[in-house]
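Colleague: Have a look at the structure that comes next, please.
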Amino acid sequence: EPEVTQTPSHQVTQMGQEVILRCVPISNHLYFYWYRQILGQKVEFLVSFYNNEISEKSEIFDDQFSVERPDGSNFTLKIRSTKLEDSAMYFCASTNQGAIYGYTFGSGTRLTVV
Amino acid sequence: GENVEQHPSTLSVQEGDSAVIKCTYSDSASNYFPWYKQELGKRPQLIIDIRSNVGEKKDQRIAVTLNKTAKHFSLHITETQPEDSAVYFCAASKTNAGKSTFGDGTTLTVKP
């Protein structure tokens, strides 16, 4: 069964540093998403991406965040100047027909900001 | 924006009993309602979904019901097994390229 792949699985970074989280969505999927989950809490929407542009973003997705699809396969989330409260599990998801179909989530990147 | 409330936050049942988790949503334009199961330390996985043109859907021991008028939907698990123990999230969506809004999750424990 096709999978969404995320790397790294765990990233530890110093506060103020930049991190890039990487995702390889399922190859025929067209809609890409980033969600985050603070430990023990719910899954929170960050951003959706379709047709090479952001289609929707949440209040969490402020100027320190950016997304990019640098080539035909990768989908990245960049966090500039990380803060302690950015510590969370970050999930990438993709679908071939949008948010009104079920997501396939990646296995997540656990980001720890120290 | 959409607000999804989920109850209960924790649920403990004996193996073989049924479990019911309920969600309400606020945006009447929402038309897709998935349920995800998340085992400890793992990714959420879609287990069942329902669309606004359907009132009920069943897949083996799992069923979902939707009441559009009241804006609530429920997950029913029958003949629960210890491997059903996990956190269950409901969600609501209304547009292709936008987001799913998740509930706060229900931690289900099935005691052998």
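Chain identifiers are assigned as A, B, and so on, following the order in which chains appear in the structure tokens; residues are numbered from 1 within each chain, and ligands are numbered from 1 in order of appearance.
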Using only C-alpha atoms, determine which residues lie at most 9 Å from Ser9 (chain A), disregarding the query and same-chain residues fewer than 2 positions distant; provide the list as a PyMOL selection string.
Modeller: chain A and resi 6-7+11+107-111
Colleague: Could you save those same residues with all heavy atoms as a CSV table (one decimal), in the first residue's frame?
Modeller:
chain,number,residue,atom,x,y,z
A,6,GLN,N,8.0,10.6,5.8
A,6,GLN,CA,8.5,11.8,6.4
A,6,GLN,C,9.9,11.6,7.0
A,6,GLN,O,10.2,10.5,7.6
A,6,GLN,CB,7.6,12.2,7.6
A,6,GLN,CG,6.2,12.8,7.1
A,6,GLN,CD,5.4,13.4,8.2
A,6,GLN,OE1,4.4,12.9,8.5
A,6,GLN,NE2,5.9,14.5,8.9
A,7,THR,N,10.7,12.6,6.8
A,7,THR,CA,12.0,12.6,7.4
A,7,THR,C,12.4,13.9,8.0
A,7,THR,O,11.9,15.0,7.4
A,7,THR,CB,13.1,12.2,6.4
A,7,THR,OG1,13.0,13.1,5.3
A,7,THR,CG2,13.0,10.7,5.9
A,11,GLN,N,13.7,15.2,15.4
A,11,GLN,CA,14.7,16.3,15.2
A,11,GLN,C,14.7,17.1,16.5
A,11,GLN,O,13.7,17.6,17.0
A,11,GLN,CB,14.2,17.2,14.0
A,11,GLN,CG,14.9,18.5,13.9
A,11,GLN,CD,15.9,18.5,12.7
A,11,GLN,OE1,15.6,17.9,11.7
A,11,GLN,NE2,17.1,19.1,12.9
A,107,SER,N,4.3,9.2,8.9
A,107,SER,CA,4.5,8.7,10.3
A,107,SER,C,5.0,9.8,11.2
A,107,SER,O,5.1,9.5,12.4
A,107,SER,CB,5.6,7.6,10.2
A,107,SER,OG,6.7,8.1,9.5
A,108,GLY,N,5.2,11.0,10.7
A,108,GLY,CA,5.4,12.1,11.6
A,108,GLY,C,6.9,12.4,11.8
A,108,GLY,O,7.7,11.5,11.8
A,109,THR,N,7.1,13.6,12.2
A,109,THR,CA,8.5,14.1,12.7
A,109,THR,C,8.2,14.7,14.0
A,109,THR,O,7.5,15.6,14.2
A,109,THR,CB,9.1,15.1,11.7
A,109,THR,OG1,9.4,14.6,10.5
A,109,THR,CG2,10.4,15.7,12.4
A,110,ARG,N,8.9,14.1,15.0
A,110,ARG,CA,8.9,14.7,16.4
A,110,ARG,C,9.9,15.8,16.5
A,110,ARG,O,11.1,15.5,16.4
A,110,ARG,CB,9.1,13.6,17.4
A,110,ARG,CG,9.0,14.2,18.8
A,110,ARG,CD,8.9,13.1,19.9
A,110,ARG,NE,7.6,12.4,19.8
A,110,ARG,CZ,6.4,12.8,20.1
A,110,ARG,NH1,6.3,14.1,20.6
A,110,ARG,NH2,5.4,12.1,20.0
A,111,LEU,N,9.5,17.0,16.6
A,111,LEU,CA,10.4,18.1,16.7
A,111,LEU,C,10.5,18.5,18.2
A,111,LEU,O,9.4,18.8,18.9
A,111,LEU,CB,9.9,19.3,15.9
A,111,LEU,CG,10.7,20.6,16.0
A,111,LEU,CD1,12.1,20.4,15.5
A,111,LEU,CD2,10.0,21.8,15.4
Colleague: Write out as a VMD selection string each polymer residue whose atoms come within 6 Å of Tyr35 (chain A), counting only C-alpha atoms; drop sequence neighbours fewer than 2 positions from it.
Modeller: chain A and resid 44 to 46 90 to 91
Colleague: Would you save the residues of that selection, restricted to C-alpha atoms, as a compact mmCIF listing (two decimals), in the first residue's frame?
Modeller:
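Result saved to part11.txt:
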# COMPACT_ATOMS: atom_id res chain seq x y z
CA GLU A 44 -4.18 20.85 14.52
CA PHE A 45 -4.26 22.10 10.94
CA LEU A 46 -1.34 24.19 9.75
CA TYR A 90 4.37 17.24 12.74
CA PHE A 91 2.35 15.13 10.33
Colleague: Using only C-alpha atoms and a cut-off of 12 Å, which residues of chain A sit close to chain B? Please list them as a VMD selection string.
Modeller: chain A and resid 3 to 6 9 30 to 59 89 to 110
Colleague: For Thr65 (chain B), please output as a list in words all residues within 10 Å (counting only C-alpha atoms; exclusion window: fewer than 5 positions along the same chain).
Modeller: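 Counting only the stated atoms, we get Lys22, Phe33, Asp49, Ile50, Arg51, Val54, Gly55, Glu56, Lys57, Lys58, His72, Phe73, Ser74, Leu75 and His76 of chain B.
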Colleague: What's around Gln81 (chain B) at 8 Å? Count only C-alpha atoms, leave out sequence neighbours fewer than 5 positions away in its own chain, and write the answer as a compact mmCIF listing (two decimals) with N, CA, C and O atoms, in the first residue's frame.
Modeller:
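Generated output (part.txt):
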# COMPACT_ATOMS: atom_id res chain seq x y z
N GLU B 15 -14.09 -5.88 27.31
CA GLU B 15 -14.02 -6.59 26.04
C GLU B 15 -15.38 -7.21 25.71
O GLU B 15 -16.03 -7.82 26.57
N GLY B 16 -15.81 -7.01 24.47
CA GLY B 16 -17.10 -7.54 24.04
C GLY B 16 -18.24 -6.54 24.12
O GLY B 16 -19.27 -6.71 23.46
N VAL B 110 -10.05 -0.80 26.17
CA VAL B 110 -10.85 -2.02 26.21
C VAL B 110 -10.16 -3.00 27.14
O VAL B 110 -9.04 -3.45 26.87
N PRO B 112 -9.50 -6.48 28.94
CA PRO B 112 -9.74 -7.90 28.63
C PRO B 112 -10.54 -8.59 29.74
O PRO B 112 -10.59 -8.13 30.87
Colleague: Can you list, as a PyMOL selection string, all residues belonging to chain B that DSSP tags as strand (DSSP E)?
Modeller: chain B and resi 4-7+10-14+19-25+32-38+45-51+56-59+62-67+72-77+86-93+100-102+106-111
Colleague: Rounded to one decimal in Å, what is the spacing between CA of Glu68 (chain A) and CA of Val114 (chain A)?
Modeller: 25.4 Å
Colleague: So how far away is CA of His10 (chain A) from CA of Asp86 (chain A), in Å?
Modeller: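 Taking CA of Asp86 (chain A) and CA of His10 (chain A), their separation equals 13.5 Å.
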Colleague: Please provide the set of residues having any atom within 10 Å of Ser28 (chain B), restricted to only C-alpha atoms, with same-chain residues fewer than 6 positions apart removed, written as a list in words.
Modeller: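 Selected residues are Glu2, Ser52, Lys68, Thr69, Ala70, Lys71 and Lys94 of chain B.
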Colleague: Save the residues we just selected, N, CA, C and O atoms, as an mmCIF file, in the first residue's frame?
Modeller:
data_model
loop_
_atom_site.group_PDB
_atom_site.id
_atom_site.type_symbol
_atom_site.label_atom_id
_atom_site.label_comp_id
_atom_site.auth_asym_id
_atom_site.auth_seq_id
_atom_site.Cartn_x
_atom_site.Cartn_y
_atom_site.Cartn_z
ATOM 1 N N GLU B 2 -15.062 26.409 11.528
ATOM 2 C CA GLU B 2 -15.642 25.160 12.027
ATOM 3 C C GLU B 2 -15.137 24.860 13.433
ATOM 4 O O GLU B 2 -13.962 25.082 13.758
ATOM 5 N N SER B 52 -22.349 13.778 3.804
ATOM 6 C CA SER B 52 -23.584 14.390 4.290
ATOM 7 C C SER B 52 -24.838 13.874 3.589
ATOM 8 O O SER B 52 -25.943 14.150 4.045
ATOM 9 N N LYS B 68 -27.646 15.352 10.181
ATOM 10 C CA LYS B 68 -27.301 16.671 9.632
ATOM 11 C C LYS B 68 -28.087 17.785 10.297
ATOM 12 O O LYS B 68 -27.589 18.890 10.497
ATOM 13 N N THR B 69 -29.327 17.498 10.637
ATOM 14 C CA THR B 69 -30.178 18.527 11.240
ATOM 15 C C THR B 69 -29.605 18.971 12.578
ATOM 16 O O THR B 69 -29.525 20.162 12.879
ATOM 17 N N ALA B 70 -29.205 17.993 13.368
ATOM 18 C CA ALA B 70 -28.661 18.290 14.688
ATOM 19 C C ALA B 70 -27.162 18.572 14.643
ATOM 20 O O ALA B 70 -26.580 18.954 15.663
ATOM 21 N N LYS B 71 -26.561 18.365 13.500
ATOM 22 C CA LYS B 71 -25.116 18.557 13.315
ATOM 23 C C LYS B 71 -24.322 17.707 14.298
ATOM 24 O O LYS B 71 -23.442 18.203 15.028
ATOM 25 N N LYS B 94 -15.207 20.580 4.531
ATOM 26 C CA LYS B 94 -16.229 21.040 3.599
ATOM 27 C C LYS B 94 -15.711 21.408 2.229
ATOM 28 O O LYS B 94 -16.478 21.601 1.299
#
Colleague: I'd like the interatomic distance between CA of Val113 (chain A) and CA of Ile79 (chain A), to a tenth of an Å.
Modeller: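 For CA of Val113 (chain A) relative to CA of Ile79 (chain A), the distance reads 11.3 Å.
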